[in-house]
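What follows is a set of notes on a single structure, which appears directly below.
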Amino acid sequence: MIEKIIKRIINRCSWKGITLALCALWIGTASIIPIAHAEYEQIFNWPGTPRDEIYDLKKKGDYLIGSMVNSQELIVMNANSVDFKVLSRLHLNDAYSYGMCIDGDTLYVGQSDGIQLIDIADPLNMKLGDKWLLPYENISTNSSTGVITTNTAYYNVLDLYKKGNIFYLSLFAKGFRTMDLSNPTVPIELDVYQEGSMLPRGMDVSEDGNTVYLSSVTDKIHIVDVSNPSDIKLLYHDSTIFGNNLAADVEQIEVDGRKLLYVSTYYNYERGWGAVMVMDVTNPSSPFVAKENWYYGSDFYHFYPYAGGSGYQALAFYKTVDSLGYVHSNLLLYGLWDDPLVPVPLAEAISADGAALAVDFSGNYAYLADQLAGCHIMDIADPSNPVYVKTLNYQGYANQVKVDGNLLYLASGEEGIHILDITNPEEPVEVVTYKSLISATELGTKFSGSITDFIIEGDVAYLGVEITTFFNNYACLEVISLEDLSSLTNNIGYIGIGGSVCDSIAKYGDTVLLNGSTGYISVDVSYLNSGSSYTTPRYKGHFYMPDACGQTVIPELTGPIGYSTVGTNGLAVIDFSNAANIGTVVPDGGDSVSNQVQILSYLPLDGFRTGISVKETNLLVASQYGGFDIVDVSSPKNPILKESYFSDLGVGAVEGAFMSPNEETVIMAGNYTGFYFLRKENPPLVQTTIIDWKFNESGDFVMTVAPLSGNLVLQRSLDGVTWIEESAAIIDEAQITVPSSVISSNLSCYFRIYQWQ
């Protein structure tokens, strides 16, 4: 009978294909371990709706596919909904994406260097296909020497249409062209239409594919006949229609036998009356404006009619300007059911503002700097279900956010730095706002300083400030006292250096680094210490990164060793105790100092590296290609790559990745795509096997298992289907003892072991 019990244990285990660890139940979260690739799961995305410009929109079944020009991605939304939640994304490999057309299950996307093919058989699981580059010979003549040079350039495809193997292409400065792409590696140009000063942008095509409607930002509307693609013929052109408004895009539909062309227009140079013009193009040689729909203060760039509701409805992308001059992006759904000439709003406009930049934490709360969309507060006590609390919006660009005790500091560009009491995070109380006192004047116009980054040290704040004028850029440092928060007017000192930008700042000792696109500027602030020979910040020199500079950090636990992202070269390790890296004080009246950064070493990282955040001795290094690395700098001069994470969610450019205090959550700032909340998945348990089994002197059945990578639970079943935990089992690490009393009272039973973590 004992042999029968043993057989049942072994047979039951063999049925699952492993020796003893029949099942692995994973609960809780695992600590981060040194592995080459880390598994994270997306648990939340804020805001989850489109942001910035939807350049084109196409419908496939129940889905809308949009090309997002700035984030270089495709998004998919539900065509039968009004909330326009993004259901899936696909990043398009660093080429700007514009107009689209669909042929069967293939989406053709016009890009800045050709055409990208996308498999959309399943719109929720789009897949990159072939890329067709469209080269041409670019011939230029040097006006001084008369030397003629020829180089290869690529067509910038702003819109396109496919008819068999013939493609119609809207190419902006290269006009409108028809091409035979039967063999896309050898494109055959059939004909060119390039009337006068036209710069065609938007394009739509009649249902039979014989008539093309073009919007030109310089001379309004062109209609051409392409029934013979090798002989394009002009049917209609009007460069004065719509007055001073410029034609941005065109979309044509047919309603009750009437062909209607919707033209999105905007007012050039200053915000005036934007419009959606409706032209009757039933006779393409003699079209006319059937209805002018004017919207004061709104610039319409796209208006996409599609079948929905009780007929046609349309999603519009337009821009508005607030009282302070900030430009806002908006989406609004219109109905064309009652009268196709008069769009009727169906819901409130959806804000398409925002560029996710930075995150900081306090307790169970995360604070998300989202540029023009403001600073969002999220309760992340349950990381699997973050709760939106509120948004702090001060109109300016929320560039940086940091928490110091009960105070929240929020940099809002030209609108200043806001200090709020977050003792109650649900109801922050503004304490004070400080606007930069630095400005520059050109041609009678005053340009104010924009705060891009800051460092808080006790009662002193170091503000990184940037000024952009007509002709110059200035990187500036402004130092203010925080001793009296009731009035931040005590400007301790400032300095501005022309010809540079200030994207972020870092500090080591008495040196502040103003980071720009090619390196950093070193500024001495030792005047804050007693005995200084001068009382203002002093310029020490420009320091150039050989491989271009992203962001520089000098963690407290590794200083004076600091780190800088250097594009495709990964992470640079720099010793800031070296005078060549922190500069040499410029004597009064002396010349400026300029050096190249002395880099100790590089840590190669895949992708193009941008921002860095610090979590104790870990650096989270963001990638423009949609992910981040975790780098261990516990040995400061020898950083070690611990984890790499690249998203397949179409995240696009990541400005930074930030780890929560309890290390349960990582929040990626995905720029135009929003904030992604990620939770570390548990690593798989190592399979456990029986290495020994026996009966002891008391008749107990004893098993020893190895290796052990999780906790063990013994379960018992009488039929192999229903299982209960065997509470009498004694589990001592890798040894499991089943008492003889259980064996004697259950002579015909199964046992199995769960591993859990």
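Here's how to read the names in the structure tokens: chain A, B, ... by the order shown, residue numbers from 1 in each chain, ligand numbers from 1 in the order shown.
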Can you list, as a short mmCIF file (atom, residue, chain, number, x, y, z; two decimals) with N, CA and C atoms, in the first residue's frame, every protein, DNA or RNA residue that comes within 7 Å of stretch 190-199 of chain A when you count only C-alpha atoms, leaving out same-chain residues fewer than 6 positions away?
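Listed below is the output, out-v6.cif:
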data_model
loop_
_atom_site.label_atom_id
_atom_site.label_comp_id
_atom_site.auth_asym_id
_atom_site.auth_seq_id
_atom_site.Cartn_x
_atom_site.Cartn_y
_atom_site.Cartn_z
N PHE A 172 4.22 68.55 -51.00
CA PHE A 172 4.53 69.90 -50.54
C PHE A 172 5.41 70.62 -51.57
N ALA A 173 6.69 70.89 -51.25
CA ALA A 173 7.53 71.67 -52.16
C ALA A 173 7.76 70.98 -53.50
N GLY A 175 5.37 69.42 -55.13
CA GLY A 175 4.11 69.39 -55.85
C GLY A 175 3.32 68.12 -55.68
N PHE A 176 2.47 67.82 -56.67
CA PHE A 176 1.65 66.61 -56.69
C PHE A 176 2.17 65.71 -57.80
N ARG A 177 2.37 64.43 -57.48
CA ARG A 177 2.95 63.51 -58.46
C ARG A 177 2.21 62.18 -58.47
N THR A 178 2.22 61.55 -59.63
CA THR A 178 1.73 60.18 -59.76
C THR A 178 2.92 59.27 -60.00
N MET A 179 2.92 58.11 -59.32
CA MET A 179 4.05 57.18 -59.45
C MET A 179 3.54 55.75 -59.56
N ASP A 180 4.22 54.98 -60.38
CA ASP A 180 3.98 53.55 -60.48
C ASP A 180 4.93 52.87 -59.50
N SER A 216 -3.56 73.68 -50.70
CA SER A 216 -2.21 74.26 -50.72
C SER A 216 -2.16 75.39 -49.72
N VAL A 217 -1.14 75.40 -48.88
CA VAL A 217 -1.04 76.43 -47.84
C VAL A 217 -0.71 77.79 -48.43
N THR A 218 -0.31 77.82 -49.71
CA THR A 218 0.03 79.10 -50.33
C THR A 218 -1.06 79.62 -51.25
N ASP A 219 -1.73 78.70 -51.98
CA ASP A 219 -2.70 79.20 -52.96
C ASP A 219 -3.98 78.36 -53.01
N PRO A 229 -3.17 58.72 -65.28
CA PRO A 229 -2.13 59.13 -64.33
C PRO A 229 -0.87 59.68 -64.99
N SER A 230 -0.69 59.38 -66.27
CA SER A 230 0.50 59.89 -66.97
C SER A 230 0.26 61.26 -67.58
N ASP A 231 -0.96 61.77 -67.43
CA ASP A 231 -1.28 63.07 -68.01
C ASP A 231 -2.25 63.80 -67.08
N ILE A 232 -1.71 64.41 -66.03
CA ILE A 232 -2.53 65.12 -65.05
C ILE A 232 -3.05 66.40 -65.70
#
Would you mind listing what lies within 7 Å of stretch 667-681 of chain A as an mmCIF file with N, CA and C atoms, in the first residue's frame, with only C-alpha atoms counted and same-chain residues fewer than 3 positions away left out?
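Written file, selection-v3.cif:
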data_model
loop_
_atom_site.group_PDB
_atom_site.id
_atom_site.type_symbol
_atom_site.label_atom_id
_atom_site.label_comp_id
_atom_site.auth_asym_id
_atom_site.auth_seq_id
_atom_site.Cartn_x
_atom_site.Cartn_y
_atom_site.Cartn_z
ATOM 1 N N THR A 29 4.764 40.953 -5.213
ATOM 2 C CA THR A 29 5.708 41.489 -6.192
ATOM 3 C C THR A 29 7.115 41.063 -5.813
ATOM 4 N N GLU A 39 10.598 42.336 -17.178
ATOM 5 C CA GLU A 39 9.205 42.249 -17.586
ATOM 6 C C GLU A 39 8.375 43.172 -16.708
ATOM 7 N N TYR A 40 7.741 44.158 -17.346
ATOM 8 C CA TYR A 40 6.819 45.052 -16.661
ATOM 9 C C TYR A 40 5.471 44.942 -17.333
ATOM 10 N N GLU A 41 4.435 45.182 -16.583
ATOM 11 C CA GLU A 41 3.106 45.228 -17.170
ATOM 12 C C GLU A 41 2.539 46.628 -17.010
ATOM 13 N N GLN A 42 1.894 47.110 -18.067
ATOM 14 C CA GLN A 42 1.265 48.421 -17.987
ATOM 15 C C GLN A 42 -0.017 48.290 -17.186
ATOM 16 N N ILE A 43 -0.158 49.128 -16.173
ATOM 17 C CA ILE A 43 -1.349 49.060 -15.344
ATOM 18 C C ILE A 43 -2.204 50.311 -15.455
ATOM 19 N N PHE A 44 -1.686 51.354 -16.124
ATOM 20 C CA PHE A 44 -2.462 52.586 -16.215
ATOM 21 C C PHE A 44 -1.785 53.502 -17.225
ATOM 22 N N ASN A 45 -2.597 54.319 -17.875
ATOM 23 C CA ASN A 45 -2.063 55.336 -18.783
ATOM 24 C C ASN A 45 -2.872 56.610 -18.601
ATOM 25 N N TRP A 46 -2.179 57.707 -18.378
ATOM 26 C CA TRP A 46 -2.847 58.991 -18.236
ATOM 27 C C TRP A 46 -2.361 59.920 -19.348
ATOM 28 N N PRO A 47 -3.252 60.578 -20.107
ATOM 29 C CA PRO A 47 -4.704 60.580 -19.946
ATOM 30 C C PRO A 47 -5.419 59.515 -20.764
ATOM 31 N N ARG A 51 -3.261 63.187 -27.987
ATOM 32 C CA ARG A 51 -2.622 64.446 -27.611
ATOM 33 C C ARG A 51 -1.919 65.006 -28.835
ATOM 34 N N ASP A 52 -1.990 66.311 -28.961
ATOM 35 C CA ASP A 52 -1.396 67.025 -30.078
ATOM 36 C C ASP A 52 -2.108 66.665 -31.384
ATOM 37 N N SER A 71 4.297 62.732 -32.289
ATOM 38 C CA SER A 71 4.772 61.566 -31.533
ATOM 39 C C SER A 71 5.176 60.425 -32.450
ATOM 40 N N GLY A 354 -0.642 68.711 -23.787
ATOM 41 C CA GLY A 354 0.199 67.959 -22.869
ATOM 42 C C GLY A 354 1.423 67.365 -23.511
ATOM 43 N N ALA A 355 2.490 67.309 -22.728
ATOM 44 C CA ALA A 355 3.721 66.615 -23.097
ATOM 45 C C ALA A 355 4.328 66.130 -21.786
ATOM 46 N N ALA A 356 4.235 64.835 -21.524
ATOM 47 C CA ALA A 356 4.686 64.270 -20.255
ATOM 48 C C ALA A 356 6.189 64.450 -20.099
ATOM 49 N N LEU A 357 6.611 65.084 -18.988
ATOM 50 C CA LEU A 357 8.015 65.436 -18.815
ATOM 51 C C LEU A 357 8.643 64.905 -17.541
ATOM 52 N N ALA A 358 7.956 65.011 -16.401
ATOM 53 C CA ALA A 358 8.620 64.697 -15.126
ATOM 54 C C ALA A 358 7.602 64.213 -14.100
ATOM 55 N N VAL A 651 4.761 53.492 -27.133
ATOM 56 C CA VAL A 651 4.944 54.621 -26.226
ATOM 57 C C VAL A 651 5.647 55.788 -26.899
ATOM 58 N N GLY A 652 6.589 55.503 -27.781
ATOM 59 C CA GLY A 652 7.316 56.585 -28.429
ATOM 60 C C GLY A 652 8.380 57.167 -27.522
ATOM 61 N N ALA A 653 8.674 58.450 -27.695
ATOM 62 C CA ALA A 653 9.776 59.092 -26.980
ATOM 63 C C ALA A 653 9.481 59.200 -25.490
ATOM 64 N N VAL A 654 10.369 58.635 -24.676
ATOM 65 C CA VAL A 654 10.238 58.703 -23.221
ATOM 66 C C VAL A 654 11.186 59.770 -22.702
ATOM 67 N N GLU A 655 10.635 60.774 -22.024
ATOM 68 C CA GLU A 655 11.449 61.864 -21.494
ATOM 69 C C GLU A 655 12.116 61.490 -20.180
ATOM 70 N N GLY A 656 11.532 60.568 -19.450
ATOM 71 C CA GLY A 656 12.107 60.150 -18.171
ATOM 72 C C GLY A 656 11.310 59.008 -17.580
ATOM 73 N N ALA A 657 11.951 58.218 -16.718
ATOM 74 C CA ALA A 657 11.287 57.142 -15.986
ATOM 75 C C ALA A 657 11.574 57.353 -14.511
ATOM 76 N N PHE A 658 10.560 57.149 -13.647
ATOM 77 C CA PHE A 658 10.656 57.521 -12.239
ATOM 78 C C PHE A 658 10.077 56.404 -11.383
ATOM 79 N N MET A 659 10.845 55.983 -10.364
ATOM 80 C CA MET A 659 10.443 54.868 -9.512
ATOM 81 C C MET A 659 9.808 55.383 -8.231
ATOM 82 N N GLU A 664 7.388 49.806 -6.073
ATOM 83 C CA GLU A 664 6.376 48.948 -6.681
ATOM 84 C C GLU A 664 5.978 49.430 -8.073
#
If you run DSSP over the backbone, which residues in stretch 311-558 of chain A end up strand (DSSP E or B)? Put them as a PyMOL selection string. chain A and resi 311-321+327-335+344-345+350-351+356+358-362+365-369+371+375-379+387-392+398+400-404+407-411+413+417-421+429-434+439-442+445-448+450-457+460-468+473-481+491-498+504-508+511-515+519-524+538-544+552-553
Spatial neighbours of A:Phe628, 9 Å, only C-alpha atoms, chain gap at least 2 places, as an MDAnalysis selection string: chainID A and resid 609 620:626 630 643:647 654 656:657 668
Keeping only C-alpha atoms, write the selected residues as a short mmCIF file (atom, residue, chain, number, x, y, z; two decimals), in the first residue's frame.
data_model
loop_
_atom_site.label_atom_id
_atom_site.label_comp_id
_atom_site.auth_asym_id
_atom_site.auth_seq_id
_atom_site.Cartn_x
_atom_site.Cartn_y
_atom_site.Cartn_z
CA ARG A 609 19.18 58.20 -24.39
CA LEU A 620 16.60 55.19 -14.52
CA VAL A 621 17.79 56.20 -17.99
CA ALA A 622 15.03 57.01 -20.48
CA SER A 623 15.09 56.20 -24.19
CA GLN A 624 13.60 58.12 -27.10
CA TYR A 625 12.76 54.68 -28.50
CA GLY A 626 10.14 53.90 -25.87
CA ILE A 630 18.01 50.71 -14.70
CA GLU A 643 17.53 45.93 -16.40
CA SER A 644 16.33 46.98 -19.80
CA TYR A 645 12.71 47.64 -20.60
CA PHE A 646 11.37 48.56 -24.02
CA SER A 647 7.65 48.85 -24.50
CA VAL A 654 10.24 58.70 -23.22
CA GLY A 656 12.11 60.15 -18.17
CA ALA A 657 11.29 57.14 -15.99
CA MET A 668 7.34 56.62 -17.66
#
Take atom CA of A:Ser81 and atom CA of A:Ile120 and report the distance between them in Å, one decimal.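 Answer for the atom CA of A:Ser81 to atom CA of A:Ile120 separation: 20.1 Å.
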So that I can see what lies close to A:Thr149, please list as a list in words the residues with an atom at most 10 Å from it, counting only C-alpha atoms and leaving out residues fewer than 5 positions away in the same chain.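 The neighbour list is Glu137, Asn138, Ile139, Ser140, Thr141 and Asn142 of chain A.
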Expressed in Å to a single decimal, how great is the separation between atom CA of A:Val666 and atom CA of A:Gly562?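 Those two atoms sit 22.5 Å apart.
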A:Pro284, A:Gly413, A:Gly274, A:Gly335 ranked by distance to A:Tyr296, top pick (using only C-alpha atoms):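 The closest residue to A:Tyr296 is A:Gly274.
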For the atom pair atom CA of A:Phe608 and atom CA of A:Tyr520, what is the interatomic distance in Å to one decimal place?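 For atom CA of A:Phe608 relative to atom CA of A:Tyr520, the distance reads 18.9 Å.
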Shortest interatomic distance to A:Gln395 - which of A:Gly374, A:Gly458, A:Pro604, A:Gly308, counting only C-alpha atoms: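 Residue with the minimum atom-to-atom distance to A:Gln395: A:Gly374.
The shortest atom-to-atom distance to A:Ser601, with only C-alpha atoms taken into account, belongs to A:Asn638 out of A:Ser97, A:Asn638, A:Asn80, A:Asn183.
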Residues within 10 Å of A:Val69, please, as a ChimeraX atom specification. Count only C-alpha atoms; anything in the same chain fewer than 6 positions from it doesn't count. /A:52-56,95-99,111
Identify, on the basis of only C-alpha atoms, every residue whose closest approach to A:Gly519 does not exceed 8 Å; exclude the query and any residue fewer than 2 positions from it along the same chain; express the result as an MDAnalysis selection string. chainID A and resid 515:517 521 542:545 548:550
Restrict the selected residues to N, CA and C atoms and save them as a PDB file, in the first residue's frame.
ATOM      1  N   ASN A 515      22.554  72.664 -18.469  1.00  0.00           N
ATOM      2  CA  ASN A 515      22.669  71.676 -19.536  1.00  0.00           C
ATOM      3  C   ASN A 515      21.904  72.103 -20.780  1.00  0.00           C
ATOM      4  N   GLY A 516      22.584  71.986 -21.929  1.00  0.00           N
ATOM      5  CA  GLY A 516      21.961  72.277 -23.211  1.00  0.00           C
ATOM      6  C   GLY A 516      22.098  71.104 -24.149  1.00  0.00           C
ATOM      7  N   SER A 517      21.940  71.353 -25.431  1.00  0.00           N
ATOM      8  CA  SER A 517      21.907  70.268 -26.409  1.00  0.00           C
ATOM      9  C   SER A 517      23.286  69.740 -26.766  1.00  0.00           C
ATOM     10  N   ILE A 521      27.084  74.600 -19.391  1.00  0.00           N
ATOM     11  CA  ILE A 521      27.799  75.805 -18.983  1.00  0.00           C
ATOM     12  C   ILE A 521      28.035  75.710 -17.488  1.00  0.00           C
ATOM     13  N   HIS A 542      32.185  77.143 -21.064  1.00  0.00           N
ATOM     14  CA  HIS A 542      31.383  76.163 -21.788  1.00  0.00           C
ATOM     15  C   HIS A 542      32.131  74.835 -21.788  1.00  0.00           C
ATOM     16  N   PHE A 543      31.391  73.753 -21.626  1.00  0.00           N
ATOM     17  CA  PHE A 543      32.016  72.432 -21.622  1.00  0.00           C
ATOM     18  C   PHE A 543      31.241  71.541 -22.578  1.00  0.00           C
ATOM     19  N   TYR A 544      31.877  71.122 -23.642  1.00  0.00           N
ATOM     20  CA  TYR A 544      31.197  70.435 -24.723  1.00  0.00           C
ATOM     21  C   TYR A 544      31.285  68.926 -24.559  1.00  0.00           C
ATOM     22  N   MET A 545      30.145  68.273 -24.796  1.00  0.00           N
ATOM     23  CA  MET A 545      30.102  66.820 -24.825  1.00  0.00           C
ATOM     24  C   MET A 545      30.444  66.356 -26.237  1.00  0.00           C
ATOM     25  N   ALA A 548      27.182  64.992 -27.808  1.00  0.00           N
ATOM     26  CA  ALA A 548      25.956  65.752 -27.497  1.00  0.00           C
ATOM     27  C   ALA A 548      25.456  65.377 -26.110  1.00  0.00           C
ATOM     28  N   CYS A 549      24.819  66.325 -25.479  1.00  0.00           N
ATOM     29  CA  CYS A 549      24.445  66.175 -24.067  1.00  0.00           C
ATOM     30  C   CYS A 549      22.935  66.110 -23.915  1.00  0.00           C
ATOM     31  N   GLY A 550      22.472  65.161 -23.144  1.00  0.00           N
ATOM     32  CA  GLY A 550      21.060  65.114 -22.795  1.00  0.00           C
ATOM     33  C   GLY A 550      20.873  65.765 -21.443  1.00  0.00           C
TER      34      GLY A 550
END
Pick out the residues sitting within 12 Å of A:Lys446, and hand them over as a PyMOL selection string; count only C-alpha atoms, and ignore anything fewer than 3 positions along from it in its own chain. chain A and resi 437-443+449+467-470
Could you save those same residues with C-alpha atoms as a compact mmCIF listing (two decimals), in the first residue's frame?
# COMPACT_ATOMS: atom_id res chain seq x y z
CA LEU A 437 13.11 88.57 -13.11
CA ILE A 438 15.40 87.91 -16.07
CA SER A 439 14.41 89.21 -19.48
CA ALA A 440 15.90 90.33 -22.79
CA THR A 441 14.73 93.02 -25.21
CA GLU A 442 15.08 92.98 -28.99
CA LEU A 443 13.50 95.37 -31.47
CA GLY A 449 12.69 84.17 -18.74
CA ILE A 467 15.16 83.05 -22.89
CA THR A 468 14.36 82.76 -26.59
CA THR A 469 14.33 85.98 -28.60
CA PHE A 470 14.10 86.84 -32.28
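Distances here use only C-alpha atoms; by that measure, the residue among A:Glu207, A:Asp119, A:Asp238, A:Glu251 closest to A:Ala316 is A:Glu251.
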